[in-house]
file protein-v2.cif (mmCIF, C-alpha atoms)
data_upload
loop_
_atom_site.group_PDB
_atom_site.id
_atom_site.type_symbol
_atom_site.label_atom_id
_atom_site.label_comp_id
_atom_site.auth_asym_id
_atom_site.auth_seq_id
_atom_site.Cartn_x
_atom_site.Cartn_y
_atom_site.Cartn_z
ATOM 1 C CA MET A 1374 85.176 102.323 118.155
ATOM 2 C CA ASN A 1375 84.547 98.667 117.425
ATOM 3 C CA PRO A 1376 87.791 96.662 117.873
ATOM 4 C CA PHE A 1377 86.826 94.355 114.996
ATOM 5 C CA ASP A 1378 86.492 97.296 112.627
ATOM 6 C CA LEU A 1379 89.946 98.409 113.716
ATOM 7 C CA LEU A 1380 91.389 94.974 112.930
ATOM 8 C CA LYS A 1381 89.768 94.988 109.491
ATOM 9 C CA ASN A 1382 91.403 98.288 108.714
ATOM 10 C CA ALA A 1383 94.762 97.471 110.337
ATOM 11 C CA ASN A 1384 96.556 96.907 107.027
ATOM 12 C CA ALA A 1385 95.249 100.139 105.557
ATOM 13 C CA ILE A 1386 96.237 102.033 108.696
ATOM 14 C CA LYS A 1387 99.678 100.401 108.708
ATOM 15 C CA GLU A 1388 100.238 101.334 105.059
ATOM 16 C CA GLN A 1389 99.089 104.907 105.602
ATOM 17 C CA LEU A 1390 101.234 105.220 108.741
ATOM 18 C CA SER A 1391 104.281 103.910 106.873
ATOM 19 C CA LYS A 1392 103.710 106.455 104.100
ATOM 20 C CA THR A 1393 103.350 109.264 106.640
ATOM 21 C CA GLN A 1394 106.538 108.186 108.425
ATOM 22 C CA GLU A 1395 108.432 108.381 105.119
ATOM 23 C CA GLU A 1396 107.031 111.867 104.540
ATOM 24 C CA LEU A 1397 108.102 112.927 108.029
ATOM 25 C CA LYS A 1398 111.683 111.834 107.328
ATOM 26 C CA GLN A 1399 111.738 114.552 104.690
ATOM 27 C CA THR A 1400 110.041 117.124 106.931
ATOM 28 C CA PHE A 1401 111.996 119.817 108.716
ATOM 29 C CA VAL A 1402 110.949 122.505 111.199
ATOM 30 C CA THR A 1403 112.953 125.357 112.657
ATOM 31 C CA GLY A 1404 112.557 126.617 116.193
ATOM 32 C CA ALA A 1405 113.928 129.950 117.340
ATOM 33 C CA SER A 1406 114.691 131.871 120.502
ATOM 34 C CA GLY A 1407 116.041 135.253 121.472
ATOM 35 C CA GLY A 1408 114.065 136.957 118.734
ATOM 36 C CA GLY A 1409 115.590 134.655 116.119
ATOM 37 C CA ILE A 1410 119.241 134.997 117.087
ATOM 38 C CA VAL A 1411 119.373 131.250 117.774
ATOM 39 C CA LYS A 1412 117.671 128.795 115.404
ATOM 40 C CA VAL A 1413 117.516 125.016 115.619
ATOM 41 C CA THR A 1414 116.311 122.855 112.728
ATOM 42 C CA MET A 1415 114.904 119.406 113.469
ATOM 43 C CA ASN A 1416 113.800 116.625 111.145
ATOM 44 C CA GLY A 1417 110.735 114.400 111.443
ATOM 45 C CA GLN A 1418 112.739 111.853 113.416
ATOM 46 C CA PHE A 1419 113.364 114.461 116.147
ATOM 47 C CA GLU A 1420 117.027 114.797 115.228
ATOM 48 C CA ILE A 1421 118.625 118.232 115.398
ATOM 49 C CA VAL A 1422 120.207 118.709 111.995
ATOM 50 C CA LYS A 1423 121.279 122.348 112.142
ATOM 51 C CA VAL A 1424 122.028 125.080 114.677
ATOM 52 C CA GLU A 1425 122.325 128.694 113.518
ATOM 53 C CA LEU A 1426 123.771 131.386 115.757
ATOM 54 C CA ASP A 1427 123.670 135.081 115.017
ATOM 55 C CA PRO A 1428 127.109 136.484 115.902
ATOM 56 C CA ILE A 1429 125.456 138.769 118.445
ATOM 57 C CA ALA A 1430 124.458 135.657 120.442
ATOM 58 C CA VAL A 1431 128.086 134.616 120.881
ATOM 59 C CA ASP A 1432 129.396 136.512 123.870
ATOM 60 C CA PRO A 1433 132.232 134.575 125.522
ATOM 61 C CA ARG A 1434 131.412 136.341 128.781
ATOM 62 C CA ASP A 1435 127.857 134.985 128.823
ATOM 63 C CA ILE A 1436 127.980 131.325 127.772
ATOM 64 C CA PRO A 1437 125.045 130.351 130.069
ATOM 65 C CA MET A 1438 122.742 132.711 128.136
ATOM 66 C CA LEU A 1439 123.742 131.100 124.835
ATOM 67 C CA GLN A 1440 123.168 127.638 126.286
ATOM 68 C CA ASP A 1441 119.703 128.678 127.468
ATOM 69 C CA LEU A 1442 118.884 130.096 124.031
ATOM 70 C CA ILE A 1443 119.921 126.848 122.323
ATOM 71 C CA VAL A 1444 117.762 124.804 124.715
ATOM 72 C CA ALA A 1445 114.802 127.158 124.164
ATOM 73 C CA ALA A 1446 115.161 126.986 120.377
ATOM 74 C CA SER A 1447 115.351 123.183 120.559
ATOM 75 C CA ARG A 1448 112.157 123.066 122.604
ATOM 76 C CA ASP A 1449 110.468 125.364 120.104
ATOM 77 C CA ALA A 1450 111.491 123.084 117.222
ATOM 78 C CA LEU A 1451 110.256 120.019 119.135
ATOM 79 C CA SER A 1452 106.910 121.684 119.812
ATOM 80 C CA ARG A 1453 106.549 122.632 116.148
ATOM 81 C CA MET A 1454 107.342 119.069 115.037
ATOM 82 C CA GLN A 1455 104.814 117.619 117.489
ATOM 83 C CA GLU A 1456 102.146 119.979 116.150
ATOM 84 C CA MET A 1457 102.962 118.995 112.578
ATOM 85 C CA MET A 1458 102.721 115.308 113.509
ATOM 86 C CA LYS A 1459 99.349 115.880 115.154
ATOM 87 C CA GLU A 1460 98.114 117.477 111.942
ATOM 88 C CA LYS A 1461 99.404 114.633 109.778
ATOM 89 C CA LEU A 1462 98.624 111.703 112.073
ATOM 90 C CA GLY A 1463 95.583 113.053 113.910
ATOM 91 C CA PRO A 1464 92.875 111.979 111.476
ATOM 92 C CA MET A 1465 94.455 108.546 111.050
ATOM 93 C CA MET A 1466 95.025 107.903 114.744
ATOM 94 C CA SER A 1467 91.961 109.546 116.269
ATOM 95 C CA GLY A 1468 90.391 107.458 118.974
ATOM 96 C CA LEU A 1469 93.486 105.313 119.551
ATOM 97 C CA ASN A 1470 94.778 107.117 122.707
ATOM 98 C CA ILE A 1471 98.465 106.229 122.229
ATOM 99 C CA PRO A 1472 100.538 107.473 125.162
ATOM 100 C CA GLY A 1473 103.035 110.183 124.280
ATOM 101 C CA LEU A 1474 101.372 111.236 121.034
ATOM 102 C CA GLY A 1475 98.624 113.310 122.589
ATOM 103 C CA LEU A 1476 96.352 112.832 119.580
#

call {"tool": "encode", "arguments": {"input": "protein-v2.cif", "output": "structure tokens"}}
result
Amino acid sequence: MNPFDLLKNANAIKEQLSKTQEELKQTFVTGASGGGIVKVTMNGQFEIVKVELDPIAVDPRDIPMLQDLIVAASRDALSRMQEMMKEKLGPMMSGLNIPGLGL
């Protein structure tokens, strides 16, 4: 990719990226674990906004299992959000090799 072409299109890319970021603020994904007994909902800013627990998951004698299920559901939500971002940002950012985005 020619760096001068990239500079010419920088404003268009910036505008499109800003629009996509606004869309992502309104995007939510839900990750699950334990066959759906623990669900974690995350927004496009990677903030956990909701945790749902099926009553069967709440066993006071086995708190470590519940903790593991919450962590697993959070990881699932994070993975889903990263995939969604790749879909939305991939075409715009292709060829830019930005660390951490994996595009």

call {"tool": "residues_around", "arguments": {"input": "protein-v2.cif", "residues": "segment 1405-1421 of chain A", "least_positions_apart": "6", "cutoff": "7 Å", "atoms": "only C-alpha atoms", "output": "list in words"}}
result
Leu1397, Lys1398, Gln1399, Asp1427, Ala1430, Leu1442, Ile1443, Ala1445, Ala1446, Ser1447, Asp1449, Ala1450 and Met1454 of chain A

call {"tool": "atom_distance", "arguments": {"input": "protein-v2.cif", "atom1": "atom CA of Leu1380 of chain A", "atom2": "atom CA of Gln1455 of chain A"}}
result
26.7 Å

call {"tool": "closest_residue", "arguments": {"input": "protein-v2.cif", "among": "A:Met1458, A:Ile1386, A:Val1424, A:Ile1436", "to": "Thr1400 of chain A", "atoms": "all atoms listed in the file"}}
result
A:Met1458

call {"tool": "atom_distance", "arguments": {"input": "protein-v2.cif", "atom1": "atom CA of Thr1393 of chain A", "atom2": "atom CA of Leu1462 of chain A"}}
result
7.6 Å

call {"tool": "atom_distance", "arguments": {"input": "protein-v2.cif", "atom1": "atom CA of Ser1452 of chain A", "atom2": "atom CA of Val1431 of chain A"}}
result
24.8 Å

call {"tool": "closest_residue", "arguments": {"input": "protein-v2.cif", "among": "A:Lys1392, A:Leu1451, A:Lys1381, A:Glu1425", "to": "Leu1439 of chain A", "atoms": "all atoms listed in the file"}}
result
A:Glu1425

call {"tool": "decode", "arguments": {"input": "protein-v2.cif", "residues": "segment 1391-1418 of chain A", "atoms": "N, CA, C and O atoms", "output": "PDB file, in the first residue's frame"}}
result
ATOM      1  N   SER A1391     -14.714   6.892  13.010  1.00  0.00           N
ATOM      2  CA  SER A1391     -15.509   7.577  14.031  1.00  0.00           C
ATOM      3  C   SER A1391     -16.961   7.093  13.993  1.00  0.00           C
ATOM      4  O   SER A1391     -17.564   6.826  15.036  1.00  0.00           O
ATOM      5  N   LYS A1392     -17.504   6.948  12.804  1.00  0.00           N
ATOM      6  CA  LYS A1392     -18.877   6.468  12.646  1.00  0.00           C
ATOM      7  C   LYS A1392     -19.004   5.039  13.181  1.00  0.00           C
ATOM      8  O   LYS A1392     -19.955   4.712  13.905  1.00  0.00           O
ATOM      9  N   THR A1393     -18.023   4.200  12.856  1.00  0.00           N
ATOM     10  CA  THR A1393     -18.045   2.818  13.322  1.00  0.00           C
ATOM     11  C   THR A1393     -17.927   2.745  14.836  1.00  0.00           C
ATOM     12  O   THR A1393     -18.598   1.941  15.483  1.00  0.00           O
ATOM     13  N   GLN A1394     -17.089   3.600  15.428  1.00  0.00           N
ATOM     14  CA  GLN A1394     -16.950   3.628  16.879  1.00  0.00           C
ATOM     15  C   GLN A1394     -18.273   3.998  17.539  1.00  0.00           C
ATOM     16  O   GLN A1394     -18.628   3.436  18.576  1.00  0.00           O
ATOM     17  N   GLU A1395     -19.001   4.939  16.966  1.00  0.00           N
ATOM     18  CA  GLU A1395     -20.313   5.316  17.511  1.00  0.00           C
ATOM     19  C   GLU A1395     -21.283   4.143  17.420  1.00  0.00           C
ATOM     20  O   GLU A1395     -22.059   3.907  18.336  1.00  0.00           O
ATOM     21  N   GLU A1396     -21.233   3.411  16.301  1.00  0.00           N
ATOM     22  CA  GLU A1396     -22.092   2.242  16.156  1.00  0.00           C
ATOM     23  C   GLU A1396     -21.754   1.187  17.198  1.00  0.00           C
ATOM     24  O   GLU A1396     -22.648   0.553  17.763  1.00  0.00           O
ATOM     25  N   LEU A1397     -20.460   1.003  17.461  1.00  0.00           N
ATOM     26  CA  LEU A1397     -20.029  -0.006  18.422  1.00  0.00           C
ATOM     27  C   LEU A1397     -20.468   0.328  19.840  1.00  0.00           C
ATOM     28  O   LEU A1397     -20.692  -0.565  20.650  1.00  0.00           O
ATOM     29  N   LYS A1398     -20.612   1.617  20.153  1.00  0.00           N
ATOM     30  CA  LYS A1398     -21.091   2.000  21.481  1.00  0.00           C
ATOM     31  C   LYS A1398     -22.501   1.462  21.723  1.00  0.00           C
ATOM     32  O   LYS A1398     -22.889   1.220  22.852  1.00  0.00           O
ATOM     33  N   GLN A1399     -23.236   1.288  20.635  1.00  0.00           N
ATOM     34  CA  GLN A1399     -24.610   0.810  20.738  1.00  0.00           C
ATOM     35  C   GLN A1399     -24.716  -0.690  20.462  1.00  0.00           C
ATOM     36  O   GLN A1399     -25.809  -1.231  20.331  1.00  0.00           O
ATOM     37  N   THR A1400     -23.568  -1.356  20.359  1.00  0.00           N
ATOM     38  CA  THR A1400     -23.531  -2.778  20.047  1.00  0.00           C
ATOM     39  C   THR A1400     -23.309  -3.581  21.318  1.00  0.00           C
ATOM     40  O   THR A1400     -22.473  -3.237  22.145  1.00  0.00           O
ATOM     41  N   PHE A1401     -24.052  -4.654  21.456  1.00  0.00           N
ATOM     42  CA  PHE A1401     -23.923  -5.512  22.622  1.00  0.00           C
ATOM     43  C   PHE A1401     -23.806  -6.957  22.166  1.00  0.00           C
ATOM     44  O   PHE A1401     -24.444  -7.357  21.184  1.00  0.00           O
ATOM     45  N   VAL A1402     -22.985  -7.739  22.867  1.00  0.00           N
ATOM     46  CA  VAL A1402     -22.884  -9.174  22.629  1.00  0.00           C
ATOM     47  C   VAL A1402     -23.025  -9.875  23.973  1.00  0.00           C
ATOM     48  O   VAL A1402     -22.717  -9.296  25.017  1.00  0.00           O
ATOM     49  N   THR A1403     -23.497 -11.104  23.927  1.00  0.00           N
ATOM     50  CA  THR A1403     -23.638 -11.892  25.144  1.00  0.00           C
ATOM     51  C   THR A1403     -22.829 -13.172  25.001  1.00  0.00           C
ATOM     52  O   THR A1403     -22.962 -13.885  24.010  1.00  0.00           O
ATOM     53  N   GLY A1404     -21.977 -13.401  25.986  1.00  0.00           N
ATOM     54  CA  GLY A1404     -21.218 -14.640  26.062  1.00  0.00           C
ATOM     55  C   GLY A1404     -21.845 -15.531  27.114  1.00  0.00           C
ATOM     56  O   GLY A1404     -22.494 -15.040  28.040  1.00  0.00           O
ATOM     57  N   ALA A1405     -21.664 -16.833  26.965  1.00  0.00           N
ATOM     58  CA  ALA A1405     -22.283 -17.771  27.898  1.00  0.00           C
ATOM     59  C   ALA A1405     -21.313 -18.890  28.250  1.00  0.00           C
ATOM     60  O   ALA A1405     -20.360 -19.159  27.530  1.00  0.00           O
ATOM     61  N   SER A1406     -21.585 -19.512  29.384  1.00  0.00           N
ATOM     62  CA  SER A1406     -20.823 -20.689  29.801  1.00  0.00           C
ATOM     63  C   SER A1406     -21.744 -21.613  30.585  1.00  0.00           C
ATOM     64  O   SER A1406     -22.846 -21.217  30.981  1.00  0.00           O
ATOM     65  N   GLY A1407     -21.256 -22.823  30.802  1.00  0.00           N
ATOM     66  CA  GLY A1407     -22.053 -23.789  31.557  1.00  0.00           C
ATOM     67  C   GLY A1407     -23.354 -24.122  30.874  1.00  0.00           C
ATOM     68  O   GLY A1407     -24.368 -24.326  31.549  1.00  0.00           O
ATOM     69  N   GLY A1408     -23.345 -24.161  29.548  1.00  0.00           N
ATOM     70  CA  GLY A1408     -24.583 -24.471  28.831  1.00  0.00           C
ATOM     71  C   GLY A1408     -25.611 -23.362  28.927  1.00  0.00           C
ATOM     72  O   GLY A1408     -26.803 -23.596  28.803  1.00  0.00           O
ATOM     73  N   GLY A1409     -25.152 -22.135  29.185  1.00  0.00           N
ATOM     74  CA  GLY A1409     -26.055 -20.988  29.244  1.00  0.00           C
ATOM     75  C   GLY A1409     -26.529 -20.635  30.639  1.00  0.00           C
ATOM     76  O   GLY A1409     -27.364 -19.745  30.795  1.00  0.00           O
ATOM     77  N   ILE A1410     -25.997 -21.293  31.663  1.00  0.00           N
ATOM     78  CA  ILE A1410     -26.457 -20.959  33.014  1.00  0.00           C
ATOM     79  C   ILE A1410     -25.813 -19.680  33.536  1.00  0.00           C
ATOM     80  O   ILE A1410     -26.303 -19.089  34.488  1.00  0.00           O
ATOM     81  N   VAL A1411     -24.719 -19.258  32.894  1.00  0.00           N
ATOM     82  CA  VAL A1411     -24.102 -17.967  33.205  1.00  0.00           C
ATOM     83  C   VAL A1411     -23.959 -17.205  31.894  1.00  0.00           C
ATOM     84  O   VAL A1411     -23.438 -17.738  30.916  1.00  0.00           O
ATOM     85  N   LYS A1412     -24.464 -15.977  31.871  1.00  0.00           N
ATOM     86  CA  LYS A1412     -24.381 -15.129  30.675  1.00  0.00           C
ATOM     87  C   LYS A1412     -23.813 -13.772  31.068  1.00  0.00           C
ATOM     88  O   LYS A1412     -24.180 -13.217  32.102  1.00  0.00           O
ATOM     89  N   VAL A1413     -22.927 -13.270  30.218  1.00  0.00           N
ATOM     90  CA  VAL A1413     -22.318 -11.960  30.432  1.00  0.00           C
ATOM     91  C   VAL A1413     -22.540 -11.141  29.171  1.00  0.00           C
ATOM     92  O   VAL A1413     -22.223 -11.589  28.062  1.00  0.00           O
ATOM     93  N   THR A1414     -23.086  -9.943  29.322  1.00  0.00           N
ATOM     94  CA  THR A1414     -23.311  -9.045  28.198  1.00  0.00           C
ATOM     95  C   THR A1414     -22.287  -7.919  28.259  1.00  0.00           C
ATOM     96  O   THR A1414     -22.059  -7.329  29.314  1.00  0.00           O
ATOM     97  N   MET A1415     -21.684  -7.652  27.092  1.00  0.00           N
ATOM     98  CA  MET A1415     -20.621  -6.657  26.981  1.00  0.00           C
ATOM     99  C   MET A1415     -20.984  -5.676  25.867  1.00  0.00           C
ATOM    100  O   MET A1415     -21.564  -6.070  24.858  1.00  0.00           O
ATOM    101  N   ASN A1416     -20.623  -4.406  26.066  1.00  0.00           N
ATOM    102  CA  ASN A1416     -20.873  -3.431  25.011  1.00  0.00           C
ATOM    103  C   ASN A1416     -19.633  -3.278  24.123  1.00  0.00           C
ATOM    104  O   ASN A1416     -18.596  -3.899  24.373  1.00  0.00           O
ATOM    105  N   GLY A1417     -19.754  -2.460  23.103  1.00  0.00           N
ATOM    106  CA  GLY A1417     -18.674  -2.258  22.144  1.00  0.00           C
ATOM    107  C   GLY A1417     -17.466  -1.555  22.695  1.00  0.00           C
ATOM    108  O   GLY A1417     -16.463  -1.411  22.006  1.00  0.00           O
ATOM    109  N   GLN A1418     -17.529  -1.113  23.934  1.00  0.00           N
ATOM    110  CA  GLN A1418     -16.372  -0.496  24.591  1.00  0.00           C
ATOM    111  C   GLN A1418     -15.737  -1.488  25.566  1.00  0.00           C
ATOM    112  O   GLN A1418     -14.972  -1.097  26.429  1.00  0.00           O
TER     113      GLN A1418
END
